[in-house]
Every structure is written in C-alpha cells, then in structure tokens.
Amino acid sequence: MKSRISGAKPGVSRPAPIAPEAVRQDHRLVADMVAPGSRVLDLGCEDGALLRLLADTRNVDGRGLELSQKGVNDCVAKGLSVIQGDADTDLDAYPDDAFDYVILSQTLQATRRPKVVLENLLRIGRRAIVSFPNFGHWRVRFDVAFRGRMPVNDKLPYTWFDTPNIHFCTVRDFLELVATIGAKVERGVVVDRSGRLMRESTPWWVWNIWGEQAVFLLRRNGETPS
Amino acid sequence: MASLAATRIDHQRETHTPTSFVVTFPTDQLLRMDSGVALAPLTIAYQTYGQLNAAHSNAVLVCHALTGDQHVANVHPLTGKPGWWDVLVGPGKPIDTDRYFVICSNVVGGCLGTTGPASRGPDGRTYGLDMPIVTIRDMVRAQSMLVDHLGIDSLFCVAGGSMGGMQVLQWAALFPQRVFSAMPIATAARHSSQNIAFHEVGRQAIMADPDWCGGRYIDCETRPEKGLSVARMAAHVTYLSDQALHAKFGRKLQDRAAPTFSFDADFQVESYLRYQGRSFVERFDANSYLYMTRAMDYFDLAADYGGVLAKAFKGTSTRFCVVSFTSDWLFPTSDSRAIVHALNAGGASVSFVEIETDKGHDAFLLDIPDLVATSRGFLDAAGRARGLG
C-alpha cells in the first residue's frame, strides 16, 4: 500500500516520501497498541516496515516470520531478526508465553486455518494484535449484491482466481471467532474508506458496514487487562 | 604441478613451521578430548586481521570447513590463492577487518600447523593414527584456549560454514556467554547418514592406497596421493549441484572432437575433477582428512542434550543468523530449518535466510550478493547492539 501524494501526475515518478509520512496507517494503528519495551513477534512481516517502526518508536525487541524469501532477505539485510516460515505450519515450534504481543497484520484471511492460527497467537503471546480487511464493508456488499462480482479494488487487489486470501471475514465474524476461542477484545479500531478512525462508541453493526480495515487487540481469557 | 618431493617438503614446512602465528600451550594446559585422551602439548596455528579494541569486545572468530585452514583472508602460503573467505572477510567487507579483530585458527587434527596427525608427538614421532580421534567439541575447546590466550572473554561473533558452522553451533551451546552473535552457514546440528556414507567412501579410498602404509606414510616417505585425490574428487561432486555441473560442463569433451573409446578423461567434467583431486593433495594431509571427516560424522549436538536440540540453546542471549542455499543437497535447507526451530523453541533471537542459487554447498564460499547483504545486515545490527558503532 502506498501513501498518496496529492497533485502527483500519473506516470511521473516521484521520490517516495520518508517517515513519518511513509508509515502505513494500519501499521501506525498496530504500533499504538504495543506497550513500549515489550517483546513482539510479527507474523507475515513482509519487508519489516512494522518491525522497524516498532523498534524505532516503541523500543521493542521484535522478531518476524515471513513466507516470502525476498521479504526475509530484505529484513535480515536491514538487521531485523526474521525467519522464513509459514504461520499455518511453523507456529507449533514456538513455546508458550514467548512474547508479549504476537501481531498478525493483514494475514489472517490468507491462512488455511484461521482459528488454529488465532489460538496459537494467544498461546505464544499474552496478547495478540490482528488487522484484517472487513468483508462486511458496504463496497464489498455492493459488489456482491448488485454487481454480482467478487470485489476487486485498491484494498482488495486480487481477482477471485489468483487471490491468496482464502478466508475473508467480517468484523462480526471475527468477533464471533474471538468469543469461540475464549479470548477477550481489549481494544478495537476500525477505519472507514477515507482512512478516518471510527469512534469507539459507534455500534459494531455500523463498524461492520462502514469500516474498511479493522485492528483488534486481544488478550487471553484470564489475563489481566492492561 | 609441483613435483612429489617438493610438495612434500612445502607441506611439511607448513605443518611444522607454519606461516602463521603459533601458540604452544604448556603441558599442564592439556586438551581433554571427548575420546578420554588428554592431548599435550597442544599447538595452535592461527591468523589474525585488524585490531583488538581496548574493551576487547570486537573479536570475531571464523571457523574453517573440512579442508579449510587459518588463511581466511590472506594469500595462501602453499597455493598462492586468495584467502578462502575473501568475499566476506577483509577491509570494508561484512566481517570488516577495519572494525573487527578477526581470528581464524587451524583446527585440532588439521595439517597447517595446529597439532594433528602429521605433527610430531612428545616422543618426537609423527602422530599418524596415534593422534586421538578429534570431535567438533574438541576443536571448539582448543579454540577457547586460544581465545583465552589472546585475552578475549567474549567474542562479538563466531562465524563459519559447513564444518565451520558445526563449530559455531557448538560454541553457542558450550559457551553461550562468550558468544554475542553467531552465523552458522550451510550446516547442520548433526551429520546425516548420507553424509557419513560419502565420508566413508573418501576414507576407504585413502586407506586403499598402498602408499598410505597403514597411516605411517610420513615415516615411509610416501604420500597416498591417489587415494586422497579420489577422496577429494568424490567429495567435490557433493559440493556442487547437478544443475551447476551441467551448466558448466554438460557432456562437452576435453580437447577432442570425439570420444576415444578408452578410460581417458574424455569429458570435461572428468578432467576438471582430476585437476581438483591433484591440486588438493598439494595442500592437504591424508590422515588429517580422515580425522576431519570423522569429527563431522560424530557431530550430533542434540545427542548431548537428551536428544532435544532446543535444550542446547535454552535461554541463550546469543543472536543467530542461520543461512542455507537452495541447491545445497549436502546440508539442505531442512537441516538449517531444524536449527531455526530449535532456536525458536529455546527463545533465541534468530534470523534465517535461504538463498536462491544453483552453486550447491560451495555457495557459502562464493561471492553471492544475498550472502554478502545478509551477513552485512546481521553484523551491522549486532555491532550496534554491542556498542561497536
């Protein structure tokens, strides 16, 4: 995802904006949920941008797991502790309570067994932070209901036949899964189509229609609230 | 090619009076070996590069592979070739000799000046097969004596590939407080059955050579050159990949238009392997090859920790960077992944990179941009964490 530069002409290349403008909004929302100085595992850490942000702004001891070898090589060349692996198969090797937070950023919908993955997050970490695109968003509903098409847009760029995203869910679906595995929502933020944060007091069914991206901070049942 | 006699003289010179720093420990500082034997006196030949800083915090120990030696970043005194890890070690390289104090020693059982089967024992006789069997842990214990001798308490990094990587893992397990960061490359926490099998082929080739003389060839003034060169030829194939061999040689003929219908080296690949075998015997001792291969065969780090590799690294504060290569079938990525899983389970800080290349196991010695970038990124970050700037 690239940040927009207002007034940039199509086809004219411009230098990429530097931090903090370059920080992805979902990364910023995740970072805001992490207590400074904690131990963090970022699953699906891509090129390490979030780990870098967390190290720079929250002084975390961060580790990463990334499926693509290119992403891993980029991360390690930047000095980040990242290994190549798959959230669906490689989480069993991690011991219980190894991290304060386990982050799953824009990846849950691409896992084969989201429930098992979510349970693993809260086994390895005392808290989990999960961000995902809300499939209950009105634009998705519109595409399916009125156009009769699977949605393809700037946030969901893949066609149905080549998408890695095999387990889309809505905010409501996600919260139901959280309840099923006995976890607690500590915080949730939802961003609408124009990138505005929706008020926490908003009823969830409004989030489920107007929220395009969701980020939830979960804790285990029995863990003391922070 | 050097004549047999000249080769022998050059080689004996490097065994007894190496072109390196040498430390011989007093006989009360013996090396207690896994076989139960105490080795004394122990001599270690080593090279250093760069300057040790005032805090003694910038030392990097490089561990060499099966047929490597201490000449990691200088012209080799026997072959005249550049150092074996010139691509990673040197001024401005990832293991930067402008910033770090780099140590590389010839391992125990080696043949370039450290006590080994070609050295003379306390009675003045060449050890030959009277040299006790050496293990990876023995090599590491000997290195720790050298590191003590150099006044270094904790190493900034221990790095090495293949058998060198085994030493890196053993260092991290045996002396976790002395290893700030570790780079085990193209290696495994245990030698596989297939690898033991290849080593046995090599050993049998050496021992089948009549010039081996039951291991006493130095006394007999011969050298089992045929056997050692066949061992090297067989091993060399395992360091490459099918793809790389085919790309380099295919079925091309050597200096001829048609097959000769003989057992001459018709194919380029045969000629290449024969050359590899011949040039190897100029710089290596046959008995040493037996000891080195045995040390690797015996390596099984988990076995020392109740069969659970993670226990070898439990609670370690060492930062690890594990590297494997896609076309390495001698130490495949699955071996590295087993190390990574154990490190994760032990709670270690670990990076793991699998580098795409068709160069096979040999890739760890070559100028592979991803290897250079990975090493640099890892060491720079570790250097910042160590306060080396």
# chains A, B, ... in the order shown; residues from 1 in each chain; ligands from 1
$ select_by_dssp --residues "stretch 15-155 of chain A" --states "alpha helix (DSSP H)" --output "ChimeraX atom specification"
/A:25-32,49-58,69-77,114-124,138-142
$ residues_around --residues "stretch 139-151 of chain A" --least-positions-apart "6" --cutoff "10 Å" --atoms "only C-alpha atoms" --output "list of chain:residue names"
A:Pro157, A:Tyr158, A:Thr159, A:Trp160, A:Arg193, A:Ile209, A:Trp210, A:Glu212
$ closest_residue --among "A:Asp100, A:Asp192, A:Glu119, A:Asp56" --to "A:Asp42" --atoms "only C-alpha atoms"
A:Asp100
$ interface_residues --of "chain B" --to "chain A" --cutoff "9 Å" --atoms "only C-alpha atoms" --output "PyMOL selection string"
chain B and resi 319-322+337+340-342+344-347+349-356+370+372-382
$ residues_around --residues "B:Lys252" --least-positions-apart "6" --cutoff "9 Å" --atoms "only C-alpha atoms" --output "short mmCIF file (atom, residue, chain, number, x, y, z; two decimals) with C-alpha atoms, in the first residue's frame"
data_model
loop_
_atom_site.label_atom_id
_atom_site.label_comp_id
_atom_site.auth_asym_id
_atom_site.auth_seq_id
_atom_site.Cartn_x
_atom_site.Cartn_y
_atom_site.Cartn_z
CA ASP B 266 37.22 -37.70 -22.42
CA PHE B 267 34.69 -35.48 -20.71
CA GLN B 268 35.47 -32.02 -19.42
CA VAL B 269 33.89 -32.86 -16.10
#
$ select_by_dssp --residues "stretch 1-223 of chain A" --states "strand (DSSP E)" --output "count of residues only"
49
$ closest_residue --among "A:Trp204, A:Val117, A:Leu67, A:Gln109" --to "A:Val190" --atoms "only C-alpha atoms"
A:Trp204
$ closest_residue --among "B:Val201, B:Leu169, B:Ile218, B:Ala363" --to "B:Ser241" --atoms "only C-alpha atoms"
B:Ala363
$ residues_around --residues "B:Asn58" --least-positions-apart "2" --cutoff "8 Å" --atoms "only C-alpha atoms" --output "list in words"
Leu52, Asn53, Ala55, His56, Val60, Arg99, Tyr100, Phe101, Leu155, Phe156 and Leu388 of chain B
$ closest_residue --among "B:Gly307, B:Gly360, B:Pro210, B:Pro41" --to "B:Thr333" --atoms "only C-alpha atoms"
B:Gly360
$ residues_around --residues "B:Gly160" --least-positions-apart "2" --cutoff "6 Å" --atoms "only C-alpha atoms" --output "mmCIF file with C-alpha atoms, in the first residue's frame"
data_model
loop_
_atom_site.group_PDB
_atom_site.id
_atom_site.type_symbol
_atom_site.label_atom_id
_atom_site.label_comp_id
_atom_site.auth_asym_id
_atom_site.auth_seq_id
_atom_site.Cartn_x
_atom_site.Cartn_y
_atom_site.Cartn_z
ATOM 1 C CA VAL B 62 35.980 -17.546 11.945
ATOM 2 C CA CYS B 63 35.798 -21.346 11.909
ATOM 3 C CA GLY B 164 32.824 -24.378 10.438
ATOM 4 C CA GLY B 165 29.085 -23.941 11.047
ATOM 5 C CA PRO B 184 26.148 -20.888 11.207
#
$ residues_around --residues "A:Arg219" --least-positions-apart "5" --cutoff "9 Å" --atoms "only C-alpha atoms" --output "PDB file with C-alpha atoms, in the first residue's frame"
ATOM      1  CA  LEU A 122      -2.659 -16.301  22.165  1.00  0.00           C
ATOM      2  CA  GLY A 125       1.880 -14.315  23.148  1.00  0.00           C
ATOM      3  CA  ARG A 126      -0.038 -12.959  26.122  1.00  0.00           C
ATOM      4  CA  ARG A 127      -1.731 -10.580  23.707  1.00  0.00           C
ATOM      5  CA  ALA A 128      -2.439 -10.669  20.005  1.00  0.00           C
ATOM      6  CA  ILE A 129      -2.990  -7.847  17.553  1.00  0.00           C
ATOM      7  CA  ALA A 183     -10.374 -14.578  24.098  1.00  0.00           C
ATOM      8  CA  LYS A 184     -11.227 -11.017  25.105  1.00  0.00           C
ATOM      9  CA  VAL A 185     -11.180  -7.903  22.946  1.00  0.00           C
ATOM     10  CA  GLU A 186      -9.123  -5.311  24.767  1.00  0.00           C
ATOM     11  CA  THR A 224      -5.224  -9.069  33.479  1.00  0.00           C
ATOM     12  CA  PRO A 225      -6.389  -6.122  31.389  1.00  0.00           C
TER      13      PRO A 225
END
$ atom_distance --atom1 "atom CA of B:Ala295" --atom2 "atom CA of B:Met139"
9.0 Å
$ closest_residue --among "B:Asp28, B:Asp10, B:Asp335, B:Asp130" --to "B:Val323" --atoms "only C-alpha atoms"
B:Asp335
$ atom_distance --atom1 "atom CA of A:Arg172" --atom2 "atom CA of A:Arg24"
24.5 Å
$ atom_distance --atom1 "atom CA of A:Val23" --atom2 "atom CA of A:Val40"
18.4 Å
